[in-house]
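Colleague: I am sharing start33.cif, which consists of mmCIF, C-alpha atoms and all ligand atoms:
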data_structure
#
loop_
_atom_site.group_PDB
_atom_site.id
_atom_site.type_symbol
_atom_site.label_atom_id
_atom_site.label_comp_id
_atom_site.auth_asym_id
_atom_site.auth_seq_id
_atom_site.Cartn_x
_atom_site.Cartn_y
_atom_site.Cartn_z
ATOM 1 C CA MET K 1 85.660 103.413 101.363
ATOM 2 C CA LYS K 2 87.613 102.260 98.313
ATOM 3 C CA LYS K 3 91.259 103.219 98.105
ATOM 4 C CA ARG K 4 92.055 105.548 95.225
ATOM 5 C CA VAL K 5 94.870 104.051 93.152
ATOM 6 C CA ALA K 6 97.234 105.527 90.577
ATOM 7 C CA VAL K 7 98.853 103.088 88.155
ATOM 8 C CA LEU K 8 102.164 104.312 86.746
ATOM 9 C CA ILE K 9 103.200 102.884 83.375
ATOM 10 C CA SER K 10 105.739 103.448 80.624
ATOM 11 C CA GLY K 11 104.471 101.213 77.837
ATOM 12 C CA ARG K 12 102.125 98.362 77.032
ATOM 13 C CA GLY K 13 100.197 98.498 80.296
ATOM 14 C CA SER K 14 98.949 94.935 80.452
ATOM 15 C CA ASN K 15 99.312 94.853 84.241
ATOM 16 C CA MET K 16 97.445 98.144 84.362
ATOM 17 C CA SER K 17 94.656 96.495 82.349
ATOM 18 C CA ALA K 18 94.533 93.611 84.816
ATOM 19 C CA LEU K 19 94.177 96.088 87.675
ATOM 20 C CA LEU K 20 91.474 98.008 85.807
ATOM 21 C CA ASP K 21 89.556 94.789 85.189
ATOM 22 C CA ALA K 22 89.819 93.708 88.818
ATOM 23 C CA ALA K 23 88.704 97.120 90.057
ATOM 24 C CA GLU K 24 85.442 96.772 88.131
ATOM 25 C CA ALA K 25 84.163 94.262 90.671
ATOM 26 C CA PRO K 26 81.821 96.080 93.061
ATOM 27 C CA ASP K 27 83.427 94.538 96.130
ATOM 28 C CA TYR K 28 87.039 95.220 95.074
ATOM 29 C CA PRO K 29 88.545 97.530 97.718
ATOM 30 C CA ALA K 30 90.315 99.852 95.255
ATOM 31 C CA SER K 31 89.334 102.006 92.322
ATOM 32 C CA ILE K 32 91.737 103.253 89.656
ATOM 33 C CA ALA K 33 91.669 107.028 89.946
ATOM 34 C CA LEU K 34 94.568 107.797 87.608
ATOM 35 C CA VAL K 35 96.854 106.209 85.034
ATOM 36 C CA LEU K 36 100.076 108.194 84.700
ATOM 37 C CA SER K 37 102.834 107.641 82.156
ATOM 38 C CA ASN K 38 106.256 109.199 81.688
ATOM 39 C CA ARG K 39 105.881 108.509 77.957
ATOM 40 C CA PRO K 40 103.145 110.242 75.956
ATOM 41 C CA ASP K 41 103.065 107.312 73.488
ATOM 42 C CA ALA K 42 102.535 104.570 76.094
ATOM 43 C CA ALA K 43 99.952 102.174 74.661
ATOM 44 C CA GLY K 44 98.333 101.723 78.066
ATOM 45 C CA LEU K 45 97.172 105.350 78.120
ATOM 46 C CA ALA K 46 94.641 104.727 75.340
ATOM 47 C CA ARG K 47 93.245 101.665 77.091
ATOM 48 C CA ALA K 48 92.838 103.665 80.308
ATOM 49 C CA ALA K 49 91.139 106.535 78.505
ATOM 50 C CA ASP K 50 88.811 104.066 76.762
ATOM 51 C CA ALA K 51 87.881 102.726 80.169
ATOM 52 C CA GLY K 52 87.016 106.257 81.284
ATOM 53 C CA VAL K 53 89.946 106.533 83.674
ATOM 54 C CA ALA K 54 91.743 109.861 84.093
ATOM 55 C CA THR K 55 95.196 109.885 82.522
ATOM 56 C CA ALA K 56 98.240 112.097 82.935
ATOM 57 C CA VAL K 57 101.620 112.346 81.251
ATOM 58 C CA VAL K 58 104.741 113.591 82.989
ATOM 59 C CA ASP K 59 107.293 113.359 80.207
ATOM 60 C CA HIS K 60 110.683 112.740 81.794
ATOM 61 C CA ARG K 61 112.409 114.223 78.738
ATOM 62 C CA ALA K 62 111.118 117.638 79.762
ATOM 63 C CA PHE K 63 113.204 117.463 82.924
ATOM 64 C CA GLY K 64 116.625 116.824 81.450
ATOM 65 C CA THR K 65 118.436 113.565 81.929
ATOM 66 C CA LYS K 66 121.991 114.617 81.135
ATOM 67 C CA ALA K 67 124.328 113.414 83.855
ATOM 68 C CA ARG K 68 125.171 116.882 85.158
ATOM 69 C CA ARG K 69 121.553 117.896 85.558
ATOM 70 C CA TYR K 70 120.127 114.533 86.413
ATOM 71 C CA ALA K 71 119.649 114.914 90.172
ATOM 72 C CA ASP K 72 117.862 118.271 89.789
ATOM 73 C CA GLY K 73 115.854 116.946 86.897
ATOM 74 C CA ARG K 74 114.776 113.913 88.827
ATOM 75 C CA ASP K 75 113.632 115.976 91.799
ATOM 76 C CA ALA K 76 111.553 118.140 89.477
ATOM 77 C CA PHE K 77 110.169 115.052 87.746
ATOM 78 C CA ASP K 78 109.287 113.495 91.114
ATOM 79 C CA ALA K 79 107.594 116.738 92.170
ATOM 80 C CA ALA K 80 105.521 116.820 88.981
ATOM 81 C CA VAL K 81 104.394 113.229 89.535
ATOM 82 C CA GLU K 82 103.623 114.072 93.158
ATOM 83 C CA ARG K 83 101.413 116.973 92.044
ATOM 84 C CA ALA K 84 99.468 114.724 89.685
ATOM 85 C CA LEU K 85 98.958 112.188 92.477
ATOM 86 C CA THR K 86 97.833 114.871 94.900
ATOM 87 C CA ASP K 87 95.462 116.401 92.355
ATOM 88 C CA ALA K 88 93.857 112.999 91.862
ATOM 89 C CA ASP K 89 93.648 112.445 95.633
ATOM 90 C CA VAL K 90 95.539 109.162 95.368
ATOM 91 C CA ASP K 91 95.930 106.795 98.347
ATOM 92 C CA VAL K 92 98.007 103.997 96.783
ATOM 93 C CA VAL K 93 100.465 103.942 93.871
ATOM 94 C CA CYS K 94 101.042 100.841 91.719
ATOM 95 C CA LEU K 95 104.135 100.834 89.535
ATOM 96 C CA ALA K 96 103.418 98.618 86.548
ATOM 97 C CA GLY K 97 106.246 98.624 84.053
ATOM 98 C CA PHE K 98 107.184 102.175 85.041
ATOM 99 C CA MET K 99 110.717 102.621 83.764
ATOM 100 C CA ARG K 100 111.817 105.656 85.786
ATOM 101 C CA LEU K 101 113.474 105.554 89.180
ATOM 102 C CA PHE K 102 112.199 107.857 91.891
ATOM 103 C CA GLY K 103 114.455 109.598 94.365
ATOM 104 C CA ALA K 104 114.641 108.363 97.943
ATOM 105 C CA ALA K 105 112.432 111.204 99.211
ATOM 106 C CA PHE K 106 109.573 110.157 96.941
ATOM 107 C CA ALA K 107 109.868 106.515 98.028
ATOM 108 C CA GLU K 108 109.978 107.609 101.656
ATOM 109 C CA ARG K 109 106.877 109.795 101.287
ATOM 110 C CA TRP K 110 104.870 106.937 99.783
ATOM 111 C CA LYS K 111 106.314 104.259 102.013
ATOM 112 C CA GLY K 112 103.789 101.502 102.632
ATOM 113 C CA ARG K 113 101.504 102.955 99.976
ATOM 114 C CA ILE K 114 103.494 102.188 96.826
ATOM 115 C CA LEU K 115 103.813 98.779 95.165
ATOM 116 C CA ASN K 116 105.828 97.431 92.256
ATOM 117 C CA ILE K 117 105.666 94.253 90.194
ATOM 118 C CA HIS K 118 108.801 92.537 88.939
ATOM 119 C CA PRO K 119 108.903 89.464 86.694
ATOM 120 C CA THR K 120 111.206 87.333 88.860
ATOM 121 C CA LEU K 121 111.122 85.690 92.249
ATOM 122 C CA LEU K 122 112.871 88.514 94.098
ATOM 123 C CA PRO K 123 115.405 88.908 95.556
ATOM 124 C CA ALA K 124 116.704 86.851 92.621
ATOM 125 C CA PHE K 125 117.268 88.715 89.345
ATOM 126 C CA PRO K 126 116.552 92.391 90.036
ATOM 127 C CA GLY K 127 117.106 94.776 87.131
ATOM 128 C CA LEU K 128 116.667 94.425 83.380
ATOM 129 C CA HIS K 129 116.693 91.602 80.789
ATOM 130 C CA VAL K 130 115.637 89.223 83.497
ATOM 131 C CA HIS K 131 114.019 86.565 81.296
ATOM 132 C CA ARG K 132 117.198 86.156 79.277
ATOM 133 C CA ARG K 133 119.281 86.097 82.450
ATOM 134 C CA MET K 134 117.051 83.409 83.984
ATOM 135 C CA ILE K 135 117.284 81.235 80.862
ATOM 136 C CA GLU K 136 121.049 81.690 80.791
ATOM 137 C CA ALA K 137 121.309 80.794 84.461
ATOM 138 C CA GLY K 138 119.259 77.653 83.880
ATOM 139 C CA VAL K 139 116.759 78.334 86.649
ATOM 140 C CA LYS K 140 114.058 75.687 86.999
ATOM 141 C CA ILE K 141 111.534 77.794 88.908
ATOM 142 C CA ALA K 142 110.628 81.306 87.801
ATOM 143 C CA GLY K 143 107.837 83.708 88.653
ATOM 144 C CA CYS K 144 106.958 87.222 89.687
ATOM 145 C CA THR K 145 106.830 89.348 92.804
ATOM 146 C CA VAL K 146 104.740 92.233 94.082
ATOM 147 C CA HIS K 147 106.570 94.212 96.744
ATOM 148 C CA PHE K 148 106.448 97.466 98.654
ATOM 149 C CA VAL K 149 108.773 100.009 97.056
ATOM 150 C CA VAL K 150 111.896 101.137 98.892
ATOM 151 C CA PRO K 151 114.615 103.437 97.539
ATOM 152 C CA GLU K 152 116.638 100.488 96.203
ATOM 153 C CA THR K 153 115.464 99.211 92.816
ATOM 154 C CA ASP K 154 113.503 95.940 92.690
ATOM 155 C CA ALA K 155 113.843 95.449 96.417
ATOM 156 C CA GLY K 156 111.473 95.840 99.326
ATOM 157 C CA PRO K 157 109.168 93.797 101.531
ATOM 158 C CA ILE K 158 107.312 91.182 99.532
ATOM 159 C CA VAL K 159 103.516 91.192 99.417
ATOM 160 C CA GLY K 160 103.031 88.195 97.144
ATOM 161 C CA GLN K 161 104.656 85.878 94.649
ATOM 162 C CA ALA K 162 103.614 83.522 91.875
ATOM 163 C CA ALA K 163 105.780 80.710 90.570
ATOM 164 C CA LEU K 164 105.941 78.367 87.627
ATOM 165 C CA ALA K 165 108.231 75.635 86.360
ATOM 166 C CA VAL K 166 110.564 76.602 83.537
ATOM 167 C CA ARG K 167 110.180 74.238 80.577
ATOM 168 C CA PRO K 168 113.208 72.832 78.772
ATOM 169 C CA SER K 169 111.738 74.312 75.598
ATOM 170 C CA ASP K 170 111.355 77.814 77.078
ATOM 171 C CA ASP K 171 113.113 80.730 75.478
ATOM 172 C CA GLU K 172 113.134 84.352 76.591
ATOM 173 C CA GLU K 173 109.817 85.115 74.840
ATOM 174 C CA SER K 174 107.851 82.096 75.981
ATOM 175 C CA LEU K 175 109.031 82.467 79.557
ATOM 176 C CA ALA K 176 108.168 86.173 79.581
ATOM 177 C CA ALA K 177 104.685 85.435 78.229
ATOM 178 C CA ARG K 178 103.932 82.764 80.811
ATOM 179 C CA ILE K 179 105.226 84.883 83.679
ATOM 180 C CA LEU K 180 103.195 87.839 82.410
ATOM 181 C CA ALA K 181 100.012 85.761 82.636
ATOM 182 C CA LEU K 182 100.873 85.097 86.282
ATOM 183 C CA GLU K 183 101.582 88.783 86.878
ATOM 184 C CA HIS K 184 98.050 89.559 85.771
ATOM 185 C CA GLN K 185 96.710 87.258 88.490
ATOM 186 C CA LEU K 186 99.128 88.309 91.198
ATOM 187 C CA TYR K 187 98.991 92.097 91.030
ATOM 188 C CA PRO K 188 95.218 92.485 91.499
ATOM 189 C CA ARG K 189 95.352 90.035 94.388
ATOM 190 C CA CYS K 190 98.199 91.882 96.121
ATOM 191 C CA LEU K 191 96.624 95.286 95.587
ATOM 192 C CA GLU K 192 93.447 93.884 97.127
ATOM 193 C CA LEU K 193 95.389 92.717 100.207
ATOM 194 C CA VAL K 194 97.018 96.126 100.647
ATOM 195 C CA ALA K 195 93.876 98.127 99.891
ATOM 196 C CA ASN K 196 91.762 96.270 102.414
ATOM 197 C CA GLY K 197 94.505 96.370 105.029
ATOM 198 C CA ARG K 198 95.132 92.618 105.202
ATOM 199 C CA ALA K 199 98.757 93.209 104.176
ATOM 200 C CA ARG K 200 100.654 96.237 105.377
ATOM 201 C CA LEU K 201 104.170 97.498 105.750
ATOM 202 C CA ALA K 202 105.012 97.206 109.444
ATOM 203 C CA SER K 203 107.883 98.729 111.368
ATOM 204 C CA GLY K 204 111.179 97.032 110.697
ATOM 205 C CA ASP K 205 110.243 97.034 107.040
ATOM 206 C CA VAL K 206 108.420 93.744 106.988
ATOM 207 C CA THR K 207 105.104 92.939 105.385
ATOM 208 C CA GLU K 208 102.603 92.069 108.069
ATOM 209 C CA PHE K 209 99.595 89.960 107.161
ATOM 210 C CA ALA K 210 96.349 90.261 109.050
ATOM 211 C CA ASP K 211 95.788 86.555 109.354
ATOM 212 C CA ALA K 212 97.537 83.267 108.833
ATOM 213 C CA LEU K 213 95.447 82.332 105.833
ATOM 214 C CA VAL K 214 96.691 85.334 103.889
ATOM 215 C CA ASP K 215 100.245 84.544 104.830
ATOM 216 C CA ALA K 216 99.898 80.925 103.782
ATOM 217 C CA GLU K 217 97.857 81.203 100.620
ATOM 218 C CA GLY K 218 96.391 84.586 99.876
ATOM 219 C CA ALA K 219 99.628 86.157 98.728
ATOM 220 C CA LEU K 220 100.675 83.193 96.627
ATOM 221 C CA VAL K 221 99.532 82.253 93.162
ATOM 222 C CA ASN K 222 100.294 78.661 92.272
ATOM 223 C CA PRO K 223 99.679 77.661 88.686
ATOM 224 C CA VAL K 224 98.336 74.160 88.137
ATOM 225 C CA SER K 225 101.310 73.371 85.968
ATOM 226 C CA GLY K 226 104.299 75.160 84.557
HETATM 227 C C1 LIG D 1 106.055 93.533 83.424
HETATM 228 O O1 LIG D 1 106.750 92.355 83.108
HETATM 229 C C2 LIG D 1 106.409 93.979 84.821
HETATM 230 O O2 LIG D 1 106.652 92.942 85.706
HETATM 231 C C3 LIG D 1 107.679 94.758 84.585
HETATM 232 O O3 LIG D 1 107.466 95.434 83.367
HETATM 233 C C4 LIG D 1 106.533 94.706 82.574
HETATM 234 C C5 LIG D 1 105.420 95.649 82.242
HETATM 235 O O4 LIG D 1 104.498 95.074 81.351
HETATM 236 N N1 LIG D 1 107.964 95.617 85.705
HETATM 237 P P1 LIG D 1 103.093 95.775 81.114
HETATM 238 O O5 LIG D 1 103.372 97.205 80.667
HETATM 239 O O6 LIG D 1 102.331 95.726 82.397
HETATM 240 O O7 LIG D 1 102.424 94.973 80.028
#
Show me this structure written as structure tokens.
Modeller:
Amino acid sequence: MKKRVAVLISGRGSNMSALLDAAEAPDYPASIALVLSNRPDAAGLARAADAGVATAVVDHRAFGTKARRYADGRDAFDAAVERALTDADVDVVCLAGFMRLFGAAFAERWKGRILNIHPTLLPAFPGLHVHRRMIEAGVKIAGCTVHFVVPETDAGPIVGQAALAVRPSDDEESLAARILALEHQLYPRCLELVANGRARLASGDVTEFADALVDAEGALVNPVSG
């Protein structure tokens, strides 16, 4: 039985597209049941609709983001997203460039069933503007990470990583583009591992792999060259 997946986006949705493409394979263990965006103008929504996938918008602006009302607003936003996920009978959630933070209760409810992708080798460089920060820091190895979501942002047990060598000529844009190409390989592979149960969140908040091969190679994407 394929796992029913919701992909949550805020913009371009290129990782969402990679997941949609992967899920077309008959033996892929997940199907994309829903693409949900907090922004009605997210470009990825049109691609999902074109592919015949159900879409939903939960516009965060409808819930108030002023400091005083933020906590209430976020709970209501989280509840609206939760309803959409329940309506679509979703088993697994993939955050893919989703620019809203959920409250701890939401993360707790989906624990072990919610993944995120981040364009650095976590735990290095959580947060925003990471490509610029990596260039400024002079890192020589960069990459991306798929991890289980925990209440802290860009943290959580790692499912898989992909790495590349930073070129002396790299700037923020070129580095972002090359990491993005790796993201598109890594996310479908990690979702596959979670959907077929070969990677799971075990007690003690560690990712447990079903066999040594997955641990050694299956959760790692190694480009031929940087
Ligand atoms: C990706 O770099 C992802 O790692 C980060 O946000 C970006 C989303 O890009 N979380 P896209 O919308 O998937 O093209």
Colleague: For K:Ser10, which residue out of K:Asp78, K:Asp59, K:Asp171, K:Asp27 is the nearest one, using only C-alpha atoms?
Modeller: K:Asp59
Colleague: Using all atoms listed in the file, which of K:Ala104, K:His184, K:Val221, K:Met99 sits nearest K:Val159?
Modeller: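 Looking at the shortest contact to K:Val159, the residue is K:Val221.
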Colleague: Between atom CA of K:Val7 and atom CA of K:Ser203, what is the distance in Å, rounded to a tenth?
Modeller: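 Interatomic distance, atom CA of K:Val7 to atom CA of K:Ser203: 25.3 Å.
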Colleague: Please identify the residues whose atoms come within 7 Å of ligand LIG 1 (chain D), using all atoms listed in the file, and report them as a PDB file with C-alpha atoms, keeping the file's coordinate frame.
Modeller:
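Below you can see out.pdb, which holds the result:
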ATOM      1  CA  ILE K   9     103.200 102.884  83.375  1.00  0.00           C
ATOM      2  CA  SER K  10     105.739 103.448  80.624  1.00  0.00           C
ATOM      3  CA  GLY K  11     104.471 101.213  77.837  1.00  0.00           C
ATOM      4  CA  ARG K  12     102.125  98.362  77.032  1.00  0.00           C
ATOM      5  CA  GLY K  13     100.197  98.498  80.296  1.00  0.00           C
ATOM      6  CA  SER K  14      98.949  94.935  80.452  1.00  0.00           C
ATOM      7  CA  ASN K  15      99.312  94.853  84.241  1.00  0.00           C
ATOM      8  CA  MET K  16      97.445  98.144  84.362  1.00  0.00           C
ATOM      9  CA  ALA K  96     103.418  98.618  86.548  1.00  0.00           C
ATOM     10  CA  GLY K  97     106.246  98.624  84.053  1.00  0.00           C
ATOM     11  CA  PHE K  98     107.184 102.175  85.041  1.00  0.00           C
ATOM     12  CA  ILE K 117     105.666  94.253  90.194  1.00  0.00           C
ATOM     13  CA  HIS K 118     108.801  92.537  88.939  1.00  0.00           C
ATOM     14  CA  PRO K 119     108.903  89.464  86.694  1.00  0.00           C
ATOM     15  CA  CYS K 144     106.958  87.222  89.687  1.00  0.00           C
ATOM     16  CA  LEU K 180     103.195  87.839  82.410  1.00  0.00           C
ATOM     17  CA  GLU K 183     101.582  88.783  86.878  1.00  0.00           C
TER      18      GLU K 183
END
Colleague: Counting all atoms listed in the file, select every polymer residue within 12 Å of (107.9, 77.7, 89.7) as defined in the file's coordinates, and provide the selection as a list in words.
Modeller: Thr120, Leu121, Val139, Lys140, Ile141, Ala142, Gly143, Cys144, Gln161, Ala162, Ala163, Leu164, Ala165, Val166, Arg167, Leu175, Arg178, Ile179, Leu182, Leu220, Val221, Asn222, Pro223, Val224, Ser225 and Gly226 of chain K
Colleague: Which residue gives the smallest distance to K:Gly218 among K:Ser37, K:Thr86, K:Gln185, K:Ser174, with all atoms listed in the file counted?
Modeller: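 That would be K:Gln185, the residue with the smallest distance to K:Gly218.
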